[in-house]
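Engineer: What follows is target27.json; its format and atoms are JSON, C-alpha atoms.
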[["chain", "number", "residue", "atom", "x", "y", "z"],
["A", 1468, "MET", "CA", 41.32, -11.35, -22.30],
["A", 1469, "ASN", "CA", 44.83, -10.54, -23.47],
["A", 1470, "TYR", "CA", 46.06, -7.60, -25.50],
["A", 1471, "TRP", "CA", 48.55, -7.48, -28.33],
["A", 1472, "LEU", "CA", 50.11, -5.21, -30.92],
["A", 1473, "VAL", "CA", 50.96, -6.07, -34.53],
["A", 1474, "LYS", "CA", 53.10, -3.94, -36.80],
["A", 1475, "SER", "CA", 52.67, -3.35, -40.49],
["A", 1476, "GLU", "CA", 54.36, -0.96, -42.86],
["A", 1477, "PRO", "CA", 51.50, 1.05, -44.34],
["A", 1478, "PHE", "CA", 52.91, 0.90, -47.89],
["A", 1479, "LYS", "CA", 52.78, -2.93, -47.63],
["A", 1480, "TYR", "CA", 49.54, -3.35, -45.66],
["A", 1481, "SER", "CA", 47.75, -0.36, -44.17],
["A", 1482, "TRP", "CA", 44.89, -0.09, -41.71],
["A", 1483, "GLU", "CA", 42.75, 1.22, -44.57],
["A", 1484, "GLN", "CA", 43.45, -1.89, -46.67],
["A", 1485, "PHE", "CA", 42.82, -4.09, -43.64],
["A", 1486, "VAL", "CA", 39.39, -2.47, -43.17],
["A", 1487, "LYS", "CA", 38.60, -3.01, -46.86],
["A", 1488, "ASP", "CA", 39.66, -6.67, -46.62],
["A", 1489, "LYS", "CA", 37.53, -7.16, -43.46],
["A", 1490, "LYS", "CA", 39.96, -9.84, -42.22],
["A", 1491, "ALA", "CA", 43.63, -10.76, -42.54],
["A", 1492, "VAL", "CA", 45.77, -13.83, -42.10],
["A", 1493, "TRP", "CA", 48.78, -12.50, -40.17],
["A", 1494, "ASP", "CA", 51.47, -14.49, -41.97],
["A", 1495, "GLY", "CA", 55.15, -14.24, -42.77],
["A", 1496, "VAL", "CA", 56.29, -13.72, -39.17],
["A", 1497, "ARG", "CA", 59.79, -15.18, -38.85],
["A", 1498, "ASN", "CA", 60.79, -14.26, -35.32],
["A", 1499, "TYR", "CA", 60.36, -16.83, -32.55],
["A", 1500, "ALA", "CA", 59.24, -14.36, -29.87],
["A", 1501, "ALA", "CA", 56.64, -12.84, -32.23],
["A", 1502, "ARG", "CA", 55.55, -16.35, -33.25],
["A", 1503, "ASN", "CA", 55.17, -17.34, -29.60],
["A", 1504, "ASN", "CA", 53.03, -14.25, -29.01],
["A", 1505, "MET", "CA", 50.78, -15.25, -31.91],
["A", 1506, "ARG", "CA", 50.49, -18.77, -30.53],
["A", 1507, "ALA", "CA", 49.35, -17.27, -27.22],
["A", 1508, "MET", "CA", 46.58, -15.23, -28.85],
["A", 1509, "LYS", "CA", 43.04, -16.37, -28.13],
["A", 1510, "LYS", "CA", 39.87, -15.75, -30.11],
["A", 1511, "GLY", "CA", 38.40, -12.43, -28.95],
["A", 1512, "ASP", "CA", 41.71, -10.91, -27.79],
["A", 1513, "LEU", "CA", 42.19, -7.28, -28.86],
["A", 1514, "VAL", "CA", 45.15, -6.25, -31.00],
["A", 1515, "PHE", "CA", 46.50, -2.75, -31.64],
["A", 1516, "PHE", "CA", 47.37, -2.15, -35.30],
["A", 1517, "TYR", "CA", 50.60, -0.14, -35.55],
["A", 1518, "HIS", "CA", 51.93, 1.55, -38.69],
["A", 1519, "SER", "CA", 55.70, 1.02, -38.64],
["A", 1520, "ASN", "CA", 58.50, 2.78, -40.54],
["A", 1521, "GLU", "CA", 56.18, 5.50, -41.81],
["A", 1522, "GLY", "CA", 53.51, 6.96, -39.60],
["A", 1523, "LEU", "CA", 54.92, 5.33, -36.46],
["A", 1524, "ASN", "CA", 51.55, 5.27, -34.76],
["A", 1525, "ILE", "CA", 48.82, 3.04, -33.43],
["A", 1526, "VAL", "CA", 45.84, 3.58, -35.70],
["A", 1527, "GLY", "CA", 43.27, 0.97, -34.79],
["A", 1528, "ILE", "CA", 42.16, -2.08, -32.87],
["A", 1529, "ALA", "CA", 41.67, -5.53, -34.36],
["A", 1530, "LYS", "CA", 40.19, -8.65, -32.84],
["A", 1531, "VAL", "CA", 41.59, -12.18, -33.05],
["A", 1532, "VAL", "CA", 39.04, -14.22, -35.01],
["A", 1533, "LYS", "CA", 41.04, -17.44, -35.46],
["A", 1534, "GLU", "CA", 43.75, -18.79, -33.20],
["A", 1535, "ALA", "CA", 47.19, -19.92, -34.35],
["A", 1536, "TYR", "CA", 47.60, -22.55, -37.04],
["A", 1537, "PRO", "CA", 50.50, -23.49, -39.38],
["A", 1538, "ASP", "CA", 51.65, -20.69, -41.69],
["A", 1539, "PRO", "CA", 50.47, -21.62, -45.21],
["A", 1540, "THR", "CA", 53.23, -19.51, -46.80],
["A", 1541, "THR", "CA", 55.92, -22.01, -45.76],
["A", 1542, "GLU", "CA", 56.36, -25.75, -45.38],
["A", 1543, "ASP", "CA", 58.38, -25.18, -42.20],
["A", 1544, "PRO", "CA", 56.20, -26.26, -39.25],
["A", 1545, "ALA", "CA", 58.00, -23.83, -36.94],
["A", 1546, "TRP", "CA", 55.85, -20.90, -38.09],
["A", 1547, "SER", "CA", 52.27, -19.97, -37.34],
["A", 1548, "VAL", "CA", 49.61, -17.46, -38.32],
["A", 1549, "VAL", "CA", 46.51, -16.00, -36.71],
["A", 1550, "GLU", "CA", 43.52, -14.33, -38.31],
["A", 1551, "ILE", "CA", 42.44, -10.89, -37.21],
["A", 1552, "ALA", "CA", 39.58, -8.59, -38.19],
["A", 1553, "PRO", "CA", 39.19, -4.82, -37.80],
["A", 1554, "PHE", "CA", 37.33, -3.86, -34.64],
["A", 1555, "LYS", "CA", 37.64, -0.10, -34.22],
["A", 1556, "LYS", "CA", 39.66, 2.79, -35.59],
["A", 1557, "LEU", "CA", 41.23, 4.95, -32.89],
["A", 1558, "LYS", "CA", 39.62, 8.36, -32.64],
["A", 1559, "ARG", "CA", 43.11, 9.84, -32.68],
["A", 1560, "ALA", "CA", 46.17, 7.87, -33.82],
["A", 1561, "LEU", "CA", 48.74, 7.67, -31.06],
["A", 1562, "THR", "CA", 52.32, 8.33, -32.14],
["A", 1563, "LEU", "CA", 55.41, 6.49, -30.99],
["A", 1564, "ALA", "CA", 56.77, 9.80, -29.65],
["A", 1565, "GLU", "CA", 53.68, 10.22, -27.45],
["A", 1566, "ILE", "CA", 53.99, 6.65, -26.21],
["A", 1567, "LYS", "CA", 57.67, 7.11, -25.36],
["A", 1568, "ALA", "CA", 56.90, 10.36, -23.52],
["A", 1569, "ASP", "CA", 54.20, 8.85, -21.30],
["A", 1570, "LYS", "CA", 55.50, 7.62, -17.91],
["A", 1571, "LYS", "CA", 52.63, 5.14, -17.62],
["A", 1572, "LEU", "CA", 53.89, 3.38, -20.77],
["A", 1573, "GLU", "CA", 57.56, 3.14, -19.76],
["A", 1574, "GLY", "CA", 57.90, -0.64, -20.01],
["A", 1575, "ILE", "CA", 55.77, -1.20, -23.10],
["A", 1576, "GLU", "CA", 57.21, -3.84, -25.45],
["A", 1577, "LEU", "CA", 56.65, -1.55, -28.45],
["A", 1578, "VAL", "CA", 59.53, 0.57, -27.11],
["A", 1579, "ARG", "CA", 61.49, -1.98, -25.07],
["A", 1580, "LEU", "CA", 61.56, -4.60, -27.85],
["A", 1581, "SER", "CA", 61.22, -2.23, -30.76],
["A", 1582, "ARG", "CA", 62.02, -4.76, -33.50],
["A", 1583, "LEU", "CA", 59.37, -7.24, -32.35],
["A", 1584, "SER", "CA", 56.55, -7.37, -34.93],
["A", 1585, "VAL", "CA", 53.97, -8.98, -32.64],
["A", 1586, "ALA", "CA", 54.11, -7.77, -29.04],
["A", 1587, "ALA", "CA", 52.20, -8.37, -25.83],
["A", 1588, "ILE", "CA", 50.43, -5.37, -24.29],
["A", 1589, "LYS", "CA", 49.60, -5.26, -20.59],
["A", 1590, "ALA", "CA", 46.02, -4.39, -19.59],
["A", 1591, "HIS", "CA", 47.04, -1.06, -18.00],
["A", 1592, "GLU", "CA", 49.01, -0.16, -21.17],
["A", 1593, "PHE", "CA", 46.00, -0.98, -23.33],
["A", 1594, "ASP", "CA", 43.76, 1.19, -21.13],
["A", 1595, "ARG", "CA", 46.26, 4.07, -21.20],
["A", 1596, "ILE", "CA", 46.55, 3.99, -24.99],
["A", 1597, "ILE", "CA", 42.76, 4.01, -25.29],
["A", 1598, "GLU", "CA", 42.65, 6.99, -22.93],
["A", 1599, "LEU", "CA", 45.36, 8.93, -24.80],
["A", 1600, "SER", "CA", 43.75, 8.23, -28.18],
["A", 1601, "GLU", "CA", 40.40, 9.57, -26.90],
["A", 1602, "THR", "CA", 38.74, 6.35, -28.06],
["A", 1603, "LYS", "CA", 35.66, 4.98, -26.33]]
Would you kindly transcribe this structure into structure tokens?

Structural biologist:
Amino acid sequence: MNYWLVKSEPFKYSWEQFVKDKKAVWDGVRNYAARNNMRAMKKGDLVFFYHSNEGLNIVGIAKVVKEAYPDPTTEDPAWSVVEIAPFKKLKRALTLAEIKADKKLEGIELVRLSRLSVAAIKAHEFDRIIELSETK
């Protein structure tokens, strides 16, 4: 299994709306590195849901339910989407400040590649975030 992180501005698409929708097509990504990450996602992979710009925190975990396919919002074949579904809300949202302050999360792409909207998460980083968020 691989682990990922997707970012969404809560005023555009929040965790709460995602839970109500029960599933989302993660479309509109126009960065090649983020697109490549989505193309590497496999059904069943876990994905942190991060509120960007406001909130600045990881609030939940989603699961990949459909692997990459062409983005239906464009005719350009260079872009892809995945489908994700809510899996679990974190017991305690983990802030960007807490992540930056934790030595065990020093190399995390969320900080290192801060503008990347779809990032890879290493297994030990995933486990540490779960631990810090007090989620079981």

Engineer: Which neighbours of Val1514 (chain A) fall inside 6 Å, counting only C-alpha atoms, when residues of the same chain fewer than 5 positions from it are skipped, and could you give them as number ranges by chain?

Structural biologist: A: 1470-1472, 1528-1530

Engineer: Given only C-alpha atoms, how would the per-residue table for region 1490-1565 of chain A near region 1571-1583 of chain A read, listing every residue at most 8 Å away with its closest atom pair and distance in Å to one decimal, sorted by chain and number, as a Markdown table?

Structural biologist:
| residue | atom | partner | partner_atom | distance |
| --- | --- | --- | --- | --- |
| A:Asn1498 | CA | A:Leu1583 | CA | 7.8 |
| A:Ala1500 | CA | A:Leu1583 | CA | 7.5 |
| A:Ala1501 | CA | A:Leu1583 | CA | 6.2 |

Engineer: Fewer than 3 positions away in the same chain doesn't count, so skip those; otherwise give me all residues within 9 Å of Met1508 (chain A), counting all atoms listed in the file, as a list of chain:residue names.

Structural biologist: A:Asn1469, A:Tyr1470, A:Trp1471, A:Asn1503, A:Asn1504, A:Met1505, A:Gly1511, A:Asp1512, A:Val1531, A:Lys1533, A:Glu1534, A:Ala1535, A:Val1549

Engineer: Find the residue from A:Gly1522, A:Phe1515, A:Ile1551, A:Pro1539 that sits nearest to Ile1596 (chain A); use all atoms listed in the file when measuring.

Structural biologist: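 Answer, going by the shortest atom-to-atom distance: A:Phe1515.
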
Engineer: Between A:Phe1478, A:Phe1516, A:Tyr1499, A:Phe1593, which one has atoms that come closest to Ala1552 (chain A), using only C-alpha atoms?

Structural biologist: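 That would be A:Phe1516, the residue with the smallest distance to Ala1552 (chain A).
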
Engineer: What is the distance, in Å and to one decimal place, between CA of Tyr1517 (chain A) and CA of Ser1475 (chain A)?

Structural biologist: 6.2 Å

Engineer: If I wrap all listed atoms of region 1489-1507 of chain A in a box with edges along x, y and z and add 6 Å on each side, what are its centre and edge lengths in Å to one decimal, as lines of an AutoDock Vina configuration file?

Structural biologist:
center_x = 49.2
center_y = -13.0
center_z = -35.3
size_x = 35.3
size_y = 23.6
size_z = 28.2

Engineer: Smallest atom-to-atom distance to Asp1494 (chain A): which of A:Val1548, A:Leu1513, A:Leu1563, A:Ala1507, using all atoms listed in the file?

Structural biologist: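 When distances to Asp1494 (chain A) are compared using all atoms listed in the file, the smallest one comes from A:Val1548.
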
Engineer: For CA of Asn1520 (chain A) and CA of Phe1485 (chain A), quote the distance in Å rounded to one decimal.

Structural biologist: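 Taking CA of Asn1520 (chain A) and CA of Phe1485 (chain A), their separation equals 17.4 Å.
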
Engineer: Contacts of Ala1560 (chain A) at 9 Å or less, counting all atoms listed in the file, minus same-chain residues fewer than 5 places along, as a list in words?

Structural biologist: Asn1524, Ile1525, Val1526, Gly1527 and Ser1600 of chain A

Engineer: Which is closer to Arg1497 (chain A) than all the others in A:Thr1540, A:Arg1559, A:Lys1570, A:Glu1550, using all atoms listed in the file?

Structural biologist: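 The shortest atom-to-atom distance to Arg1497 (chain A) comes from A:Thr1540.
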
Engineer: Mind pulling up the distance from CA of Pro1553 (chain A) to CA of Ile1588 (chain A)?

Structural biologist: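 Separating CA of Ile1588 (chain A) from CA of Pro1553 (chain A) is a distance of 17.6 Å.
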
Engineer: I need region 1483-1595 of chain A written out with C-alpha atoms, as a PDB file, in the first residue's frame; please produce it.

Structural biologist:
ATOM      1  CA  GLU A1483     -17.377  18.024   5.401  1.00  0.00           C
ATOM      2  CA  GLN A1484     -18.629  18.374   1.814  1.00  0.00           C
ATOM      3  CA  PHE A1485     -16.512  15.391   0.771  1.00  0.00           C
ATOM      4  CA  VAL A1486     -18.162  13.275   3.488  1.00  0.00           C
ATOM      5  CA  LYS A1487     -21.611  14.415   2.330  1.00  0.00           C
ATOM      6  CA  ASP A1488     -20.747  13.573  -1.289  1.00  0.00           C
ATOM      7  CA  LYS A1489     -19.428  10.114  -0.248  1.00  0.00           C
ATOM      8  CA  LYS A1490     -16.964  10.156  -3.173  1.00  0.00           C
ATOM      9  CA  ALA A1491     -15.056  12.670  -5.294  1.00  0.00           C
ATOM     10  CA  VAL A1492     -13.410  12.754  -8.676  1.00  0.00           C
ATOM     11  CA  TRP A1493     -10.100  14.518  -7.972  1.00  0.00           C
ATOM     12  CA  ASP A1494      -9.964  16.643 -11.115  1.00  0.00           C
ATOM     13  CA  GLY A1495      -8.457  19.905 -12.288  1.00  0.00           C
ATOM     14  CA  VAL A1496      -4.876  19.059 -11.284  1.00  0.00           C
ATOM     15  CA  ARG A1497      -2.553  20.879 -13.679  1.00  0.00           C
ATOM     16  CA  ASN A1498       0.888  20.130 -12.278  1.00  0.00           C
ATOM     17  CA  TYR A1499       2.910  17.286 -13.792  1.00  0.00           C
ATOM     18  CA  ALA A1500       4.402  16.056 -10.500  1.00  0.00           C
ATOM     19  CA  ALA A1501       0.946  16.002  -8.862  1.00  0.00           C
ATOM     20  CA  ARG A1502      -0.479  14.288 -11.951  1.00  0.00           C
ATOM     21  CA  ASN A1503       2.271  11.670 -11.817  1.00  0.00           C
ATOM     22  CA  ASN A1504       1.456  11.035  -8.156  1.00  0.00           C
ATOM     23  CA  MET A1505      -2.197  10.496  -9.053  1.00  0.00           C
ATOM     24  CA  ARG A1506      -1.208   8.100 -11.824  1.00  0.00           C
ATOM     25  CA  ALA A1507       0.794   6.115  -9.256  1.00  0.00           C
ATOM     26  CA  MET A1508      -2.183   5.766  -6.895  1.00  0.00           C
ATOM     27  CA  LYS A1509      -3.653   2.285  -6.597  1.00  0.00           C
ATOM     28  CA  LYS A1510      -7.121   1.238  -5.495  1.00  0.00           C
ATOM     29  CA  GLY A1511      -7.089   0.906  -1.699  1.00  0.00           C
ATOM     30  CA  ASP A1512      -4.231   3.371  -1.102  1.00  0.00           C
ATOM     31  CA  LEU A1513      -4.857   5.792   1.779  1.00  0.00           C
ATOM     32  CA  VAL A1514      -4.876   9.549   1.212  1.00  0.00           C
ATOM     33  CA  PHE A1515      -4.647  12.321   3.797  1.00  0.00           C
ATOM     34  CA  PHE A1516      -7.113  15.158   3.146  1.00  0.00           C
ATOM     35  CA  TYR A1517      -5.450  18.511   3.858  1.00  0.00           C
ATOM     36  CA  HIS A1518      -7.234  21.858   4.179  1.00  0.00           C
ATOM     37  CA  SER A1519      -4.981  24.407   2.473  1.00  0.00           C
ATOM     38  CA  ASN A1520      -4.901  28.213   2.681  1.00  0.00           C
ATOM     39  CA  GLU A1521      -7.326  28.283   5.603  1.00  0.00           C
ATOM     40  CA  GLY A1522      -7.118  25.736   8.360  1.00  0.00           C
ATOM     41  CA  LEU A1523      -3.728  24.452   7.204  1.00  0.00           C
ATOM     42  CA  ASN A1524      -4.325  21.022   8.672  1.00  0.00           C
ATOM     43  CA  ILE A1525      -4.811  17.375   7.869  1.00  0.00           C
ATOM     44  CA  VAL A1526      -8.403  16.589   8.769  1.00  0.00           C
ATOM     45  CA  GLY A1527      -9.138  13.122   7.454  1.00  0.00           C
ATOM     46  CA  ILE A1528      -8.189  10.032   5.521  1.00  0.00           C
ATOM     47  CA  ALA A1529      -9.647   9.032   2.162  1.00  0.00           C
ATOM     48  CA  LYS A1530      -9.239   5.845   0.187  1.00  0.00           C
ATOM     49  CA  VAL A1531      -8.542   5.546  -3.536  1.00  0.00           C
ATOM     50  CA  VAL A1532     -11.600   3.853  -5.059  1.00  0.00           C
ATOM     51  CA  LYS A1533     -10.756   4.251  -8.756  1.00  0.00           C
ATOM     52  CA  GLU A1534      -7.317   4.506 -10.307  1.00  0.00           C
ATOM     53  CA  ALA A1535      -6.221   7.204 -12.753  1.00  0.00           C
ATOM     54  CA  TYR A1536      -8.132   7.845 -15.955  1.00  0.00           C
ATOM     55  CA  PRO A1537      -8.315  10.851 -18.343  1.00  0.00           C
ATOM     56  CA  ASP A1538      -9.549  14.078 -16.750  1.00  0.00           C
ATOM     57  CA  PRO A1539     -13.080  14.679 -18.095  1.00  0.00           C
ATOM     58  CA  THR A1540     -12.774  18.444 -17.471  1.00  0.00           C
ATOM     59  CA  THR A1541     -10.324  18.854 -20.367  1.00  0.00           C
ATOM     60  CA  GLU A1542      -9.714  17.447 -23.826  1.00  0.00           C
ATOM     61  CA  ASP A1543      -5.965  17.489 -23.174  1.00  0.00           C
ATOM     62  CA  PRO A1544      -4.836  13.865 -22.703  1.00  0.00           C
ATOM     63  CA  ALA A1545      -1.937  14.977 -20.494  1.00  0.00           C
ATOM     64  CA  TRP A1546      -4.169  15.203 -17.412  1.00  0.00           C
ATOM     65  CA  SER A1547      -5.664  12.526 -15.206  1.00  0.00           C
ATOM     66  CA  VAL A1548      -8.051  12.112 -12.292  1.00  0.00           C
ATOM     67  CA  VAL A1549      -8.583   9.559  -9.542  1.00  0.00           C
ATOM     68  CA  GLU A1550     -11.647   8.876  -7.452  1.00  0.00           C
ATOM     69  CA  ILE A1551     -11.435   8.906  -3.684  1.00  0.00           C
ATOM     70  CA  ALA A1552     -13.935   8.252  -0.902  1.00  0.00           C
ATOM     71  CA  PRO A1553     -13.894   9.313   2.756  1.00  0.00           C
ATOM     72  CA  PHE A1554     -12.432   6.655   5.034  1.00  0.00           C
ATOM     73  CA  LYS A1555     -11.964   8.212   8.463  1.00  0.00           C
ATOM     74  CA  LYS A1556     -11.922  11.622  10.099  1.00  0.00           C
ATOM     75  CA  LEU A1557      -8.842  12.244  12.223  1.00  0.00           C
ATOM     76  CA  LYS A1558      -9.629  12.329  15.916  1.00  0.00           C
ATOM     77  CA  ARG A1559      -7.631  15.545  16.116  1.00  0.00           C
ATOM     78  CA  ALA A1560      -6.742  17.607  13.041  1.00  0.00           C
ATOM     79  CA  LEU A1561      -2.999  17.972  12.702  1.00  0.00           C
ATOM     80  CA  THR A1562      -1.785  21.471  11.867  1.00  0.00           C
ATOM     81  CA  LEU A1563       0.982  22.397   9.471  1.00  0.00           C
ATOM     82  CA  ALA A1564       2.823  24.056  12.380  1.00  0.00           C
ATOM     83  CA  GLU A1565       2.784  20.768  14.321  1.00  0.00           C
ATOM     84  CA  ILE A1566       4.016  18.876  11.276  1.00  0.00           C
ATOM     85  CA  LYS A1567       6.857  21.342  10.708  1.00  0.00           C
ATOM     86  CA  ALA A1568       7.858  21.133  14.380  1.00  0.00           C
ATOM     87  CA  ASP A1569       8.094  17.333  14.448  1.00  0.00           C
ATOM     88  CA  LYS A1570      11.620  16.006  13.749  1.00  0.00           C
ATOM     89  CA  LYS A1571      10.200  12.697  12.496  1.00  0.00           C
ATOM     90  CA  LEU A1572       8.410  14.572   9.696  1.00  0.00           C
ATOM     91  CA  GLU A1573      11.380  16.661   8.532  1.00  0.00           C
ATOM     92  CA  GLY A1574      11.429  15.490   4.909  1.00  0.00           C
ATOM     93  CA  ILE A1575       7.680  15.319   4.318  1.00  0.00           C
ATOM     94  CA  GLU A1576       6.653  16.544   0.856  1.00  0.00           C
ATOM     95  CA  LEU A1577       3.870  18.656   2.375  1.00  0.00           C
ATOM     96  CA  VAL A1578       6.614  20.958   3.701  1.00  0.00           C
ATOM     97  CA  ARG A1579       9.452  20.283   1.250  1.00  0.00           C
ATOM     98  CA  LEU A1580       7.271  20.723  -1.859  1.00  0.00           C
ATOM     99  CA  SER A1581       4.681  22.993  -0.317  1.00  0.00           C
ATOM    100  CA  ARG A1582       2.963  23.993  -3.572  1.00  0.00           C
ATOM    101  CA  LEU A1583       2.370  20.398  -4.682  1.00  0.00           C
ATOM    102  CA  SER A1584      -1.366  19.615  -4.517  1.00  0.00           C
ATOM    103  CA  VAL A1585      -1.001  15.822  -4.570  1.00  0.00           C
ATOM    104  CA  ALA A1586       1.979  14.525  -2.612  1.00  0.00           C
ATOM    105  CA  ALA A1587       3.471  11.165  -1.728  1.00  0.00           C
ATOM    106  CA  ILE A1588       3.642  10.271   1.969  1.00  0.00           C
ATOM    107  CA  LYS A1589       6.157   7.736   3.271  1.00  0.00           C
ATOM    108  CA  ALA A1590       4.857   4.916   5.483  1.00  0.00           C
ATOM    109  CA  HIS A1591       6.699   6.198   8.579  1.00  0.00           C
ATOM    110  CA  GLU A1592       5.278   9.707   7.967  1.00  0.00           C
ATOM    111  CA  PHE A1593       1.771   8.277   7.657  1.00  0.00           C
ATOM    112  CA  ASP A1594       2.213   6.352  10.914  1.00  0.00           C
ATOM    113  CA  ARG A1595       3.587   9.422  12.708  1.00  0.00           C
TER     114      ARG A1595
END
